[in-house]
>>> print(open('structure.csv').read())   # CSV, C-alpha atoms
chain,number,residue,atom,x,y,z
A,1,MET,CA,108.5,107.5,104.6
A,2,LYS,CA,106.3,108.4,101.6
A,3,TRP,CA,108.4,106.3,99.2
A,4,ASN,CA,107.7,103.1,101.0
A,5,ASN,CA,104.0,103.9,101.4
A,6,ILE,CA,103.7,104.5,97.6
A,7,LEU,CA,105.6,101.3,96.6
A,8,SER,CA,103.7,99.3,99.2
A,9,LEU,CA,100.5,100.3,97.5
A,10,VAL,CA,101.7,99.8,94.0
A,11,TYR,CA,103.1,96.4,94.9
A,12,LEU,CA,99.6,95.2,95.8
A,13,PHE,CA,98.5,95.2,92.2
A,14,ALA,CA,101.0,92.7,90.8
A,15,LYS,CA,98.7,89.7,90.9
A,16,GLY,CA,95.8,91.6,89.2
A,17,VAL,CA,98.1,93.1,86.6
A,18,ALA,CA,99.3,89.6,85.7
A,19,GLU,CA,95.8,88.4,85.2
A,20,LEU,CA,95.0,91.5,83.1
A,21,LEU,CA,98.0,90.9,80.9
A,22,ASN,CA,96.9,87.3,80.3
A,23,PHE,CA,93.4,88.4,79.3
A,24,ALA,CA,94.7,91.0,76.9
A,25,LYS,CA,97.0,88.5,75.2
A,26,LYS,CA,94.2,85.9,74.9
A,27,TYR,CA,91.8,88.6,73.5
A,28,GLU,CA,94.3,89.6,70.8
A,29,ARG,CA,94.9,86.0,69.8
A,30,LYS,CA,91.2,85.2,69.7
A,31,LYS,CA,90.1,88.3,67.8
A,32,LYS,CA,93.3,88.4,65.7
A,33,ILE,CA,93.6,92.1,66.1
A,34,ARG,CA,96.3,94.6,67.0
A,35,ASP,CA,94.4,97.5,68.6
A,36,ARG,CA,96.6,100.4,69.7
A,37,ALA,CA,94.9,100.7,73.1
A,38,ILE,CA,95.0,97.0,73.9
A,39,ARG,CA,98.6,96.7,72.8
A,40,ALA,CA,99.6,99.7,75.0
A,41,LEU,CA,97.8,98.1,78.0
A,42,ARG,CA,99.5,94.8,77.4
A,43,ASP,CA,103.0,96.4,77.0
A,44,GLU,CA,102.6,98.6,80.1
A,45,ALA,CA,101.4,95.6,82.2
A,46,GLN,CA,104.4,93.5,81.0
A,47,SER,CA,106.8,96.4,81.8
A,48,PHE,CA,105.3,96.8,85.3
A,49,LEU,CA,105.6,93.1,86.1
A,50,ASP,CA,109.2,92.9,84.7
A,51,LEU,CA,110.3,95.8,86.9
A,52,ILE,CA,108.7,94.1,90.0
A,53,GLU,CA,110.7,91.0,89.3
A,54,GLN,CA,113.9,93.0,88.7
A,55,PHE,CA,113.3,94.8,92.0
A,56,ASN,CA,112.7,91.5,93.9
A,57,ASP,CA,116.0,90.0,92.5
A,58,LYS,CA,118.0,93.1,93.3
A,59,SER,CA,116.5,93.4,96.8
A,60,GLU,CA,117.5,89.9,97.7
A,61,GLU,CA,121.0,90.5,96.4
A,62,GLN,CA,121.3,93.6,98.6
A,63,ILE,CA,119.9,92.0,101.7
A,64,SER,CA,122.4,89.1,101.3
A,65,PHE,CA,125.3,91.6,100.8
A,66,ILE,CA,124.6,93.4,104.1
A,67,ASP,CA,126.3,90.6,105.9
A,68,SER,CA,129.5,91.3,104.0
A,69,VAL,CA,129.4,95.0,105.0
A,70,THR,CA,128.8,94.3,108.7
A,71,LYS,CA,131.6,91.7,108.8
A,72,ASP,CA,134.0,93.7,106.6
A,73,PRO,CA,133.1,97.4,106.6
A,74,SER,CA,135.8,98.4,104.1
A,75,LEU,CA,135.3,101.5,102.0
A,76,SER,CA,134.9,99.2,98.9
A,77,ASN,CA,132.0,97.4,100.5
A,78,ILE,CA,130.4,100.6,101.7
A,79,ASN,CA,130.6,102.0,98.1
A,80,ARG,CA,129.2,98.8,96.7
A,81,LEU,CA,126.3,98.8,99.2
A,82,ILE,CA,125.3,102.4,98.4
A,83,ASN,CA,125.7,101.8,94.7
A,84,GLY,CA,123.3,98.8,95.0
A,85,LEU,CA,120.8,100.9,96.9
A,86,SER,CA,121.0,103.6,94.2
A,87,GLN,CA,120.1,101.0,91.6
A,88,LEU,CA,117.2,99.9,93.8
A,89,TYR,CA,115.9,103.4,94.2
A,90,PHE,CA,116.1,103.9,90.4
A,91,ILE,CA,114.1,100.7,89.8
A,92,TYR,CA,111.7,101.8,92.5
A,93,SER,CA,111.0,105.1,90.6
A,94,LYS,CA,110.6,103.1,87.4
A,95,ILE,CA,108.0,100.8,89.0
A,96,ILE,CA,106.0,103.8,90.2
A,97,GLU,CA,106.3,105.4,86.7
A,98,ALA,CA,105.2,102.1,85.0
A,99,PHE,CA,102.2,101.9,87.3
A,100,ILE,CA,101.1,105.5,86.4
A,101,LYS,CA,101.4,104.6,82.7
A,102,LEU,CA,99.4,101.4,83.3
A,103,ALA,CA,96.7,103.3,85.2
A,104,ARG,CA,96.5,105.8,82.3
A,105,CYS,CA,96.0,102.8,79.9
A,106,CYS,CA,93.3,101.4,82.1
A,107,ASN,CA,91.6,104.8,82.0
A,108,GLU,CA,91.8,105.0,78.2
A,109,ILE,CA,90.8,101.3,77.5
A,110,MET,CA,87.4,101.9,79.2
A,111,SER,CA,86.4,103.6,76.0
A,112,CYS,CA,87.4,100.6,73.9
A,113,GLU,CA,83.9,99.1,73.9
A,114,PRO,CA,84.5,95.6,72.3
A,115,PHE,CA,87.3,94.8,74.6
A,116,ILE,CA,85.6,96.1,77.7
A,117,LYS,CA,82.3,94.4,76.9
A,118,GLU,CA,84.0,91.0,76.5
A,119,LEU,CA,86.0,91.6,79.7
A,120,GLU,CA,82.9,92.4,81.7
A,121,GLU,CA,81.0,89.4,80.3
A,122,SER,CA,83.8,86.9,80.8
A,123,ASP,CA,85.3,88.2,84.1
A,124,LYS,CA,83.5,90.8,86.2
A,125,ASP,CA,86.2,90.9,88.8
A,126,LEU,CA,88.9,91.7,86.3
A,127,TYR,CA,86.6,94.3,84.8
A,128,ALA,CA,86.3,95.9,88.3
A,129,PHE,CA,90.1,95.8,88.6
A,130,ILE,CA,90.7,97.7,85.4
A,131,TYR,CA,87.8,100.1,86.3
A,132,TRP,CA,89.2,101.0,89.7
A,133,VAL,CA,92.8,101.3,88.5
A,134,GLY,CA,91.7,103.5,85.7
A,135,ARG,CA,89.4,105.5,88.0
A,136,ALA,CA,92.4,106.4,90.2
A,137,TYR,CA,94.2,108.1,87.3
A,138,ASP,CA,93.7,111.9,86.9
A,139,SER,CA,94.4,112.7,83.2
A,140,GLU,CA,94.5,116.5,83.8
A,141,LYS,CA,97.2,116.2,86.5
A,142,ASP,CA,98.8,113.0,85.2
A,143,GLN,CA,98.7,111.5,88.7
A,144,ILE,CA,97.1,108.8,90.7
A,145,LYS,CA,95.1,109.2,93.9
A,146,PHE,CA,94.7,106.4,96.5
A,147,ASP,CA,91.8,107.1,98.9
A,148,ARG,CA,89.4,105.3,101.2
A,149,LYS,CA,87.4,104.0,98.2
A,150,PHE,CA,90.5,102.2,97.1
A,151,TYR,CA,90.8,100.5,100.5
A,152,ARG,CA,87.3,99.3,100.1
A,153,PHE,CA,88.1,97.9,96.7
A,154,ILE,CA,91.1,96.1,98.2
A,155,LYS,CA,89.0,94.6,100.9
A,156,LEU,CA,86.2,93.6,98.5
A,157,TYR,CA,88.5,91.8,96.1
A,158,GLU,CA,91.2,90.6,98.6
A,159,ASP,CA,90.6,86.9,97.8
A,160,ARG,CA,91.0,87.4,94.1
A,161,PHE,CA,93.7,90.0,93.6
A,162,PHE,CA,95.3,90.9,96.9
A,163,GLU,CA,97.0,88.0,98.7
A,164,LYS,CA,96.8,88.5,102.5
A,165,THR,CA,99.9,87.4,104.4
A,166,LYS,CA,99.5,83.8,105.6
A,167,GLU,CA,100.0,83.1,109.3
A,168,TYR,CA,103.0,80.8,108.7
A,169,GLU,CA,104.7,83.7,106.8
A,170,ILE,CA,104.5,86.2,109.6
A,171,GLU,CA,107.3,84.6,111.6
A,172,LYS,CA,109.5,84.4,108.5
A,173,ILE,CA,108.9,88.1,107.8
A,174,THR,CA,109.4,89.1,111.4
A,175,CYS,CA,112.8,87.3,111.6
A,176,ALA,CA,114.0,88.8,108.3
A,177,ILE,CA,113.1,92.3,109.5
A,178,GLU,CA,114.6,91.9,112.9
A,179,ASP,CA,117.8,90.6,111.3
A,180,ILE,CA,118.1,93.7,109.2
A,181,LYS,CA,117.3,96.0,112.2
A,182,GLN,CA,120.0,94.3,114.3
A,183,LYS,CA,122.6,95.1,111.6
A,184,MET,CA,121.6,98.7,111.2
A,185,PRO,CA,123.6,100.2,114.0
A,186,THR,CA,126.8,98.8,112.6
A,187,LEU,CA,125.9,99.8,109.0
A,188,LYS,CA,124.9,103.3,110.1
A,189,PHE,CA,128.1,103.7,112.1
A,190,TRP,CA,130.4,102.7,109.2
A,191,ILE,CA,128.5,104.7,106.6
A,192,SER,CA,128.6,107.8,108.7
A,193,LYS,CA,132.3,107.2,109.5
A,194,LYS,CA,133.3,106.8,105.8
A,195,LYS,CA,130.7,109.1,104.4
A,196,ARG,CA,133.3,111.7,103.3
A,197,SER,CA,135.4,109.0,101.5
A,198,ILE,CA,132.5,107.6,99.4
A,199,ARG,CA,133.4,107.8,95.7
A,200,LYS,CA,131.9,110.9,93.9
A,201,GLY,CA,130.4,108.8,91.2
A,202,VAL,CA,128.6,106.6,93.8
A,203,LYS,CA,127.3,109.7,95.6
A,204,ARG,CA,126.3,111.2,92.2
A,205,ASN,CA,124.3,108.1,91.2
A,206,LEU,CA,122.6,108.1,94.6
A,207,ASP,CA,121.6,111.7,94.3
A,208,LYS,CA,120.3,111.1,90.8
A,209,SER,CA,118.2,108.1,91.8
A,210,LEU,CA,116.7,109.9,94.8
A,211,LYS,CA,115.8,112.9,92.6
A,212,SER,CA,114.1,110.6,90.1
A,213,LEU,CA,112.2,109.0,93.0
A,214,ASP,CA,111.1,112.3,94.4
A,215,ASN,CA,109.9,113.5,91.1
A,216,VAL,CA,107.7,110.5,90.3
A,217,SER,CA,106.5,110.1,93.9
A,218,ALA,CA,105.0,113.6,93.5
A,219,LYS,CA,102.5,112.1,91.0
A,220,ILE,CA,101.0,109.7,93.7
A,221,VAL,CA,98.6,111.2,96.1
A,222,ILE,CA,97.6,109.2,99.3
A,223,GLU,CA,94.5,110.8,100.7
A,224,ASP,CA,92.7,109.7,103.9
A,225,LEU,CA,94.3,106.2,103.7
A,226,ASP,CA,96.2,104.7,106.6
A,227,ILE,CA,99.0,102.4,105.2
A,228,ALA,CA,98.8,100.3,108.4
A,229,GLU,CA,95.3,99.2,107.3
A,230,ILE,CA,96.7,97.4,104.3
A,231,LYS,CA,100.0,96.2,105.7
A,232,ASP,CA,98.8,92.6,105.7
A,233,TYR,CA,98.4,92.7,102.0
A,234,ILE,CA,102.0,94.0,101.3
A,235,PRO,CA,103.9,91.1,99.6
A,236,THR,CA,106.3,89.1,101.8
A,237,LYS,CA,109.2,89.8,99.5
A,238,PHE,CA,108.9,93.6,99.9
A,239,ARG,CA,108.8,94.0,103.7
A,240,PRO,CA,112.5,93.4,104.6
A,241,ILE,CA,113.7,95.7,101.8
A,242,ALA,CA,111.2,98.3,102.9
A,243,THR,CA,112.7,98.1,106.4
A,244,LEU,CA,116.2,98.5,104.9
A,245,PHE,CA,115.1,101.6,103.1
A,246,GLU,CA,113.6,103.2,106.2
A,247,GLU,CA,116.6,102.4,108.4
A,248,ILE,CA,119.4,103.4,106.1
A,249,SER,CA,118.1,106.3,104.0
A,250,SER,CA,118.8,109.0,106.6
A,251,SER,CA,122.4,107.8,106.9
A,252,ILE,CA,123.3,108.1,103.2
A,253,GLN,CA,121.7,111.4,102.3
>>> encode(input="structure.csv", output="structure tokens")
Amino acid sequence: MKWNNILSLVYLFAKGVAELLNFAKKYERKKKIRDRAIRALRDEAQSFLDLIEQFNDKSEEQISFIDSVTKDPSLSNINRLINGLSQLYFIYSKIIEAFIKLARCCNEIMSCEPFIKELEESDKDLYAFIYWVGRAYDSEKDQIKFDRKFYRFIKLYEDRFFEKTKEYEIEKITCAIEDIKQKMPTLKFWISKKKRSIRKGVKRNLDKSLKSLDNVSAKIVIEDLDIAEIKDYIPTKFRPIATLFEEISSSIQ
């Protein structure tokens, strides 16, 4: 599914964005300035990271709630599950939107010579990070393109910005994903069975969230890049919820 591919890619940048945010804050304090471009970069980085954290918390809440639905597939629980997924889809679209804004800021900040010069002199890796994120942004189309060059960038800076999944985490991830997959037949059955009885407001919220996600996803172009090549860099927290999205989306639309 394209949505998961996009969020998988965007999720990779959380660590680098956190470092960029810290540098921008230190720079402002050191220079005692309030430059518009730097402030915009700082604000967009903070917004992106806040949304990632919000998404993580909501994802864990939904995954925990699945047990309640499979044990007690009441209409109330079905409605609550779908409403929770609608909220996740909405946050999901906001994360992508925030990343596009952040990439736009990275693109614009490259012309802010004092900031960029100090960044390049003090941290060449972080300079490369902001350069590559900014380079991906197309100002004419207001969109981002991930391509093979981006994959090389990820590989080149994997030890600094992109945490590869540790061996000991693989078993934990696998168990979490398998646990969700085992519950899917029951979830799909009850959602399908009670689909016509789902509250109109819940269905309306879902449709609105999916439309928002479709609109913002159209601004991300994945070109000549196989997501399987970067799967080891996708954060542990995201993989189980990605599986949930893939398994359940077709049942609730």
>>> atom_distance(input="structure.csv", atom1="atom CA of Ala228 of chain A", atom2="atom CA of Asn5 of chain A")
9.4 Å
>>> residues_around(input="structure.csv", residues="Ile116 of chain A", least_positions_apart="2", cutoff="12 Å", atoms="only C-alpha atoms", output="list in words")
Leu20, Phe23, Ala24, Tyr27, Ala37, Ile38, Cys106, Asn107, Glu108, Ile109, Met110, Ser111, Cys112, Glu113, Pro114, Glu118, Leu119, Glu120, Glu121, Ser122, Asp123, Lys124, Leu126, Tyr127, Ala128, Phe129, Ile130 and Tyr131 of chain A
>>> atom_distance(input="structure.csv", atom1="atom CA of Arg239 of chain A", atom2="atom CA of Ile173 of chain A")
7.2 Å
>>> closest_residue(input="structure.csv", among="A:Ala218, A:Ser59, A:Thr70, A:Cys105", to="Lys141 of chain A", atoms="all atoms listed in the file")
A:Ala218
>>> atom_distance(input="structure.csv", atom1="atom CA of Lys149 of chain A", atom2="atom CA of Glu229 of chain A")
13.0 Å
>>> closest_residue(input="structure.csv", among="A:Asp207, A:Asp125, A:Tyr89, A:Asn56", to="Asp159 of chain A", atoms="all atoms listed in the file")
A:Asp125
>>> residues_near_point(input="structure.csv", point="(105.7, 108.9, 96.4)", cutoff="7 Å", atoms="only C-alpha atoms", output="short mmCIF file (atom, residue, chain, number, x, y, z; two decimals) with C-alpha atoms, in the coordinates of the input")
data_model
loop_
_atom_site.label_atom_id
_atom_site.label_comp_id
_atom_site.auth_asym_id
_atom_site.auth_seq_id
_atom_site.Cartn_x
_atom_site.Cartn_y
_atom_site.Cartn_z
CA LYS A 2 106.30 108.40 101.60
CA TRP A 3 108.40 106.30 99.20
CA ILE A 6 103.70 104.50 97.60
CA ASP A 214 111.10 112.30 94.40
CA VAL A 216 107.70 110.50 90.30
CA SER A 217 106.50 110.10 93.90
CA ALA A 218 105.00 113.60 93.50
CA ILE A 220 101.00 109.70 93.70
#
>>> closest_residue(input="structure.csv", among="A:Ala40, A:Val69, A:Tyr11, A:Ala18", to="Lys188 of chain A", atoms="all atoms listed in the file")
A:Val69
>>> closest_residue(input="structure.csv", among="A:Ser197, A:Leu102, A:Val10, A:Arg160", to="Tyr137 of chain A", atoms="all atoms listed in the file")
A:Leu102
>>> closest_residue(input="structure.csv", among="A:Lys31, A:Lys58, A:Lys231, A:Lys26", to="Ile154 of chain A", atoms="all atoms listed in the file")
A:Lys231
>>> closest_residue(input="structure.csv", among="A:Leu81, A:Leu12, A:Ile241, A:Ala103", to="Ala176 of chain A", atoms="all atoms listed in the file")
A:Ile241
>>> residues_around(input="structure.csv", residues="Arg196 of chain A", least_positions_apart="4", cutoff="12 Å", atoms="all atoms listed in the file", output="list in words")
Leu75, Ile78, Asn79, Trp190, Ile191, Ser192, Lys200, Val202, Lys203, Ile252 and Gln253 of chain A
>>> residues_around(input="structure.csv", residues="Ile91 of chain A", least_positions_apart="3", cutoff="8 Å", atoms="only C-alpha atoms", output="JSON, numbers by chain")
{"A": [51, 54, 55, 87, 88, 94, 95]}
>>> residues_near_point(input="structure.csv", point="(101.3, 92.5, 92.6)", cutoff="12 Å", atoms="only C-alpha atoms", output="compact mmCIF listing (two decimals) with C-alpha atoms, keeping the file's coordinate frame")
# COMPACT_ATOMS: atom_id res chain seq x y z
CA LEU A 7 105.60 101.30 96.60
CA SER A 8 103.70 99.30 99.20
CA LEU A 9 100.50 100.30 97.50
CA VAL A 10 101.70 99.80 94.00
CA TYR A 11 103.10 96.40 94.90
CA LEU A 12 99.60 95.20 95.80
CA PHE A 13 98.50 95.20 92.20
CA ALA A 14 101.00 92.70 90.80
CA LYS A 15 98.70 89.70 90.90
CA GLY A 16 95.80 91.60 89.20
CA VAL A 17 98.10 93.10 86.60
CA ALA A 18 99.30 89.60 85.70
CA GLU A 19 95.80 88.40 85.20
CA LEU A 20 95.00 91.50 83.10
CA ALA A 45 101.40 95.60 82.20
CA PHE A 48 105.30 96.80 85.30
CA LEU A 49 105.60 93.10 86.10
CA ASP A 50 109.20 92.90 84.70
CA LEU A 51 110.30 95.80 86.90
CA ILE A 52 108.70 94.10 90.00
CA GLU A 53 110.70 91.00 89.30
CA ASN A 56 112.70 91.50 93.90
CA ILE A 95 108.00 100.80 89.00
CA PHE A 99 102.20 101.90 87.30
CA GLU A 158 91.20 90.60 98.60
CA ARG A 160 91.00 87.40 94.10
CA PHE A 161 93.70 90.00 93.60
CA PHE A 162 95.30 90.90 96.90
CA GLU A 163 97.00 88.00 98.70
CA LYS A 164 96.80 88.50 102.50
CA TYR A 233 98.40 92.70 102.00
CA ILE A 234 102.00 94.00 101.30
CA PRO A 235 103.90 91.10 99.60
CA THR A 236 106.30 89.10 101.80
CA LYS A 237 109.20 89.80 99.50
CA PHE A 238 108.90 93.60 99.90
>>> decode(input="structure.csv", residues="segment 28-127 of chain A", atoms="C-alpha atoms", output="PDB file, in the first residue's frame")
ATOM      1  CA  GLU A  28      19.597  30.894  17.959  1.00  0.00           C
ATOM      2  CA  ARG A  29      20.751  31.048  21.582  1.00  0.00           C
ATOM      3  CA  LYS A  30      24.393  31.497  20.589  1.00  0.00           C
ATOM      4  CA  LYS A  31      23.754  34.229  18.012  1.00  0.00           C
ATOM      5  CA  LYS A  32      20.863  35.759  19.965  1.00  0.00           C
ATOM      6  CA  ILE A  33      18.853  36.141  16.770  1.00  0.00           C
ATOM      7  CA  ARG A  34      15.335  35.343  15.599  1.00  0.00           C
ATOM      8  CA  ASP A  35      15.727  34.738  11.897  1.00  0.00           C
ATOM      9  CA  ARG A  36      12.450  33.915  10.118  1.00  0.00           C
ATOM     10  CA  ALA A  37      13.859  30.986   8.134  1.00  0.00           C
ATOM     11  CA  ILE A  38      15.581  29.437  11.164  1.00  0.00           C
ATOM     12  CA  ARG A  39      12.483  29.860  13.303  1.00  0.00           C
ATOM     13  CA  ALA A  40      10.361  28.221  10.594  1.00  0.00           C
ATOM     14  CA  LEU A  41      12.827  25.310  10.379  1.00  0.00           C
ATOM     15  CA  ARG A  42      12.805  24.887  14.153  1.00  0.00           C
ATOM     16  CA  ASP A  43       9.010  25.049  14.386  1.00  0.00           C
ATOM     17  CA  GLU A  44       8.442  22.565  11.554  1.00  0.00           C
ATOM     18  CA  ALA A  45      10.999  20.139  13.007  1.00  0.00           C
ATOM     19  CA  GLN A  46       9.274  20.300  16.398  1.00  0.00           C
ATOM     20  CA  SER A  47       5.853  19.808  14.829  1.00  0.00           C
ATOM     21  CA  PHE A  48       7.080  16.754  12.906  1.00  0.00           C
ATOM     22  CA  LEU A  49       8.589  15.139  16.016  1.00  0.00           C
ATOM     23  CA  ASP A  50       5.497  15.882  18.130  1.00  0.00           C
ATOM     24  CA  LEU A  51       3.284  14.182  15.554  1.00  0.00           C
ATOM     25  CA  ILE A  52       5.568  11.141  15.429  1.00  0.00           C
ATOM     26  CA  GLU A  53       5.277  10.809  19.216  1.00  0.00           C
ATOM     27  CA  GLN A  54       1.515  11.277  19.069  1.00  0.00           C
ATOM     28  CA  PHE A  55       1.272   8.603  16.377  1.00  0.00           C
ATOM     29  CA  ASN A  56       3.383   6.163  18.429  1.00  0.00           C
ATOM     30  CA  ASP A  57       1.196   6.610  21.515  1.00  0.00           C
ATOM     31  CA  LYS A  58      -2.033   6.220  19.557  1.00  0.00           C
ATOM     32  CA  SER A  59      -0.688   3.167  17.723  1.00  0.00           C
ATOM     33  CA  GLU A  60       0.161   1.368  20.959  1.00  0.00           C
ATOM     34  CA  GLU A  61      -3.289   2.202  22.307  1.00  0.00           C
ATOM     35  CA  GLN A  62      -4.969   0.731  19.207  1.00  0.00           C
ATOM     36  CA  ILE A  63      -2.868  -2.420  19.151  1.00  0.00           C
ATOM     37  CA  SER A  64      -3.697  -3.032  22.819  1.00  0.00           C
ATOM     38  CA  PHE A  65      -7.394  -2.496  22.118  1.00  0.00           C
ATOM     39  CA  ILE A  66      -7.479  -5.177  19.415  1.00  0.00           C
ATOM     40  CA  ASP A  67      -7.642  -7.860  22.112  1.00  0.00           C
ATOM     41  CA  SER A  68     -10.856  -6.322  23.431  1.00  0.00           C
ATOM     42  CA  VAL A  69     -12.436  -6.446  19.980  1.00  0.00           C
ATOM     43  CA  THR A  70     -11.507 -10.053  19.279  1.00  0.00           C
ATOM     44  CA  LYS A  71     -12.738 -11.198  22.704  1.00  0.00           C
ATOM     45  CA  ASP A  72     -15.872  -9.053  22.695  1.00  0.00           C
ATOM     46  CA  PRO A  73     -16.820  -8.107  19.095  1.00  0.00           C
ATOM     47  CA  SER A  74     -19.688  -5.867  20.168  1.00  0.00           C
ATOM     48  CA  LEU A  75     -20.842  -3.074  17.868  1.00  0.00           C
ATOM     49  CA  SER A  76     -19.559  -0.589  20.444  1.00  0.00           C
ATOM     50  CA  ASN A  77     -16.046  -2.062  20.269  1.00  0.00           C
ATOM     51  CA  ILE A  78     -16.122  -2.188  16.460  1.00  0.00           C
ATOM     52  CA  ASN A  79     -17.103   1.488  16.362  1.00  0.00           C
ATOM     53  CA  ARG A  80     -14.373   2.348  18.836  1.00  0.00           C
ATOM     54  CA  LEU A  81     -11.749   0.458  16.818  1.00  0.00           C
ATOM     55  CA  ILE A  82     -12.674   2.164  13.548  1.00  0.00           C
ATOM     56  CA  ASN A  83     -12.842   5.551  15.223  1.00  0.00           C
ATOM     57  CA  GLY A  84      -9.347   4.955  16.637  1.00  0.00           C
ATOM     58  CA  LEU A  85      -8.052   3.968  13.215  1.00  0.00           C
ATOM     59  CA  SER A  86      -9.606   7.126  11.749  1.00  0.00           C
ATOM     60  CA  GLN A  87      -7.634   9.172  14.260  1.00  0.00           C
ATOM     61  CA  LEU A  88      -4.464   7.305  13.291  1.00  0.00           C
ATOM     62  CA  TYR A  89      -5.053   7.906   9.593  1.00  0.00           C
ATOM     63  CA  PHE A  90      -5.578  11.596  10.327  1.00  0.00           C
ATOM     64  CA  ILE A  91      -2.350  11.873  12.340  1.00  0.00           C
ATOM     65  CA  TYR A  92      -0.654   9.875   9.590  1.00  0.00           C
ATOM     66  CA  SER A  93      -1.657  12.511   6.999  1.00  0.00           C
ATOM     67  CA  LYS A  94      -0.459  15.291   9.328  1.00  0.00           C
ATOM     68  CA  ILE A  95       2.968  13.613   9.674  1.00  0.00           C
ATOM     69  CA  ILE A  96       3.381  13.504   5.899  1.00  0.00           C
ATOM     70  CA  GLU A  97       2.194  17.098   5.620  1.00  0.00           C
ATOM     71  CA  ALA A  98       4.634  18.174   8.356  1.00  0.00           C
ATOM     72  CA  PHE A  99       7.517  16.434   6.580  1.00  0.00           C
ATOM     73  CA  ILE A 100       6.717  18.240   3.326  1.00  0.00           C
ATOM     74  CA  LYS A 101       6.767  21.562   5.195  1.00  0.00           C
ATOM     75  CA  LEU A 102      10.043  20.593   6.858  1.00  0.00           C
ATOM     76  CA  ALA A 103      11.605  19.691   3.493  1.00  0.00           C
ATOM     77  CA  ARG A 104      10.441  23.050   2.126  1.00  0.00           C
ATOM     78  CA  CYS A 105      12.174  24.777   5.071  1.00  0.00           C
ATOM     79  CA  CYS A 106      15.357  22.776   4.453  1.00  0.00           C
ATOM     80  CA  ASN A 107      15.240  23.863   0.830  1.00  0.00           C
ATOM     81  CA  GLU A 108      14.801  27.522   1.786  1.00  0.00           C
ATOM     82  CA  ILE A 109      17.365  27.536   4.616  1.00  0.00           C
ATOM     83  CA  MET A 110      20.150  26.582   2.190  1.00  0.00           C
ATOM     84  CA  SER A 111      20.162  30.233   1.084  1.00  0.00           C
ATOM     85  CA  CYS A 112      20.614  31.439   4.681  1.00  0.00           C
ATOM     86  CA  GLU A 113      24.417  31.660   4.413  1.00  0.00           C
ATOM     87  CA  PRO A 114      25.451  32.409   8.038  1.00  0.00           C
ATOM     88  CA  PHE A 115      23.431  29.473   9.381  1.00  0.00           C
ATOM     89  CA  ILE A 116      24.454  27.054   6.634  1.00  0.00           C
ATOM     90  CA  LYS A 117      28.130  28.024   6.864  1.00  0.00           C
ATOM     91  CA  GLU A 118      28.257  27.391  10.600  1.00  0.00           C
ATOM     92  CA  LEU A 119      26.333  24.143  10.181  1.00  0.00           C
ATOM     93  CA  GLU A 120      28.759  22.891   7.522  1.00  0.00           C
ATOM     94  CA  GLU A 121      31.789  23.851   9.611  1.00  0.00           C
ATOM     95  CA  SER A 122      30.534  22.353  12.862  1.00  0.00           C
ATOM     96  CA  ASP A 123      28.709  19.237  11.608  1.00  0.00           C
ATOM     97  CA  LYS A 124      29.195  18.111   8.006  1.00  0.00           C
ATOM     98  CA  ASP A 125      26.866  15.127   8.451  1.00  0.00           C
ATOM     99  CA  LEU A 126      24.003  17.322   9.625  1.00  0.00           C
ATOM    100  CA  TYR A 127      24.731  19.698   6.763  1.00  0.00           C
TER     101      TYR A 127
END
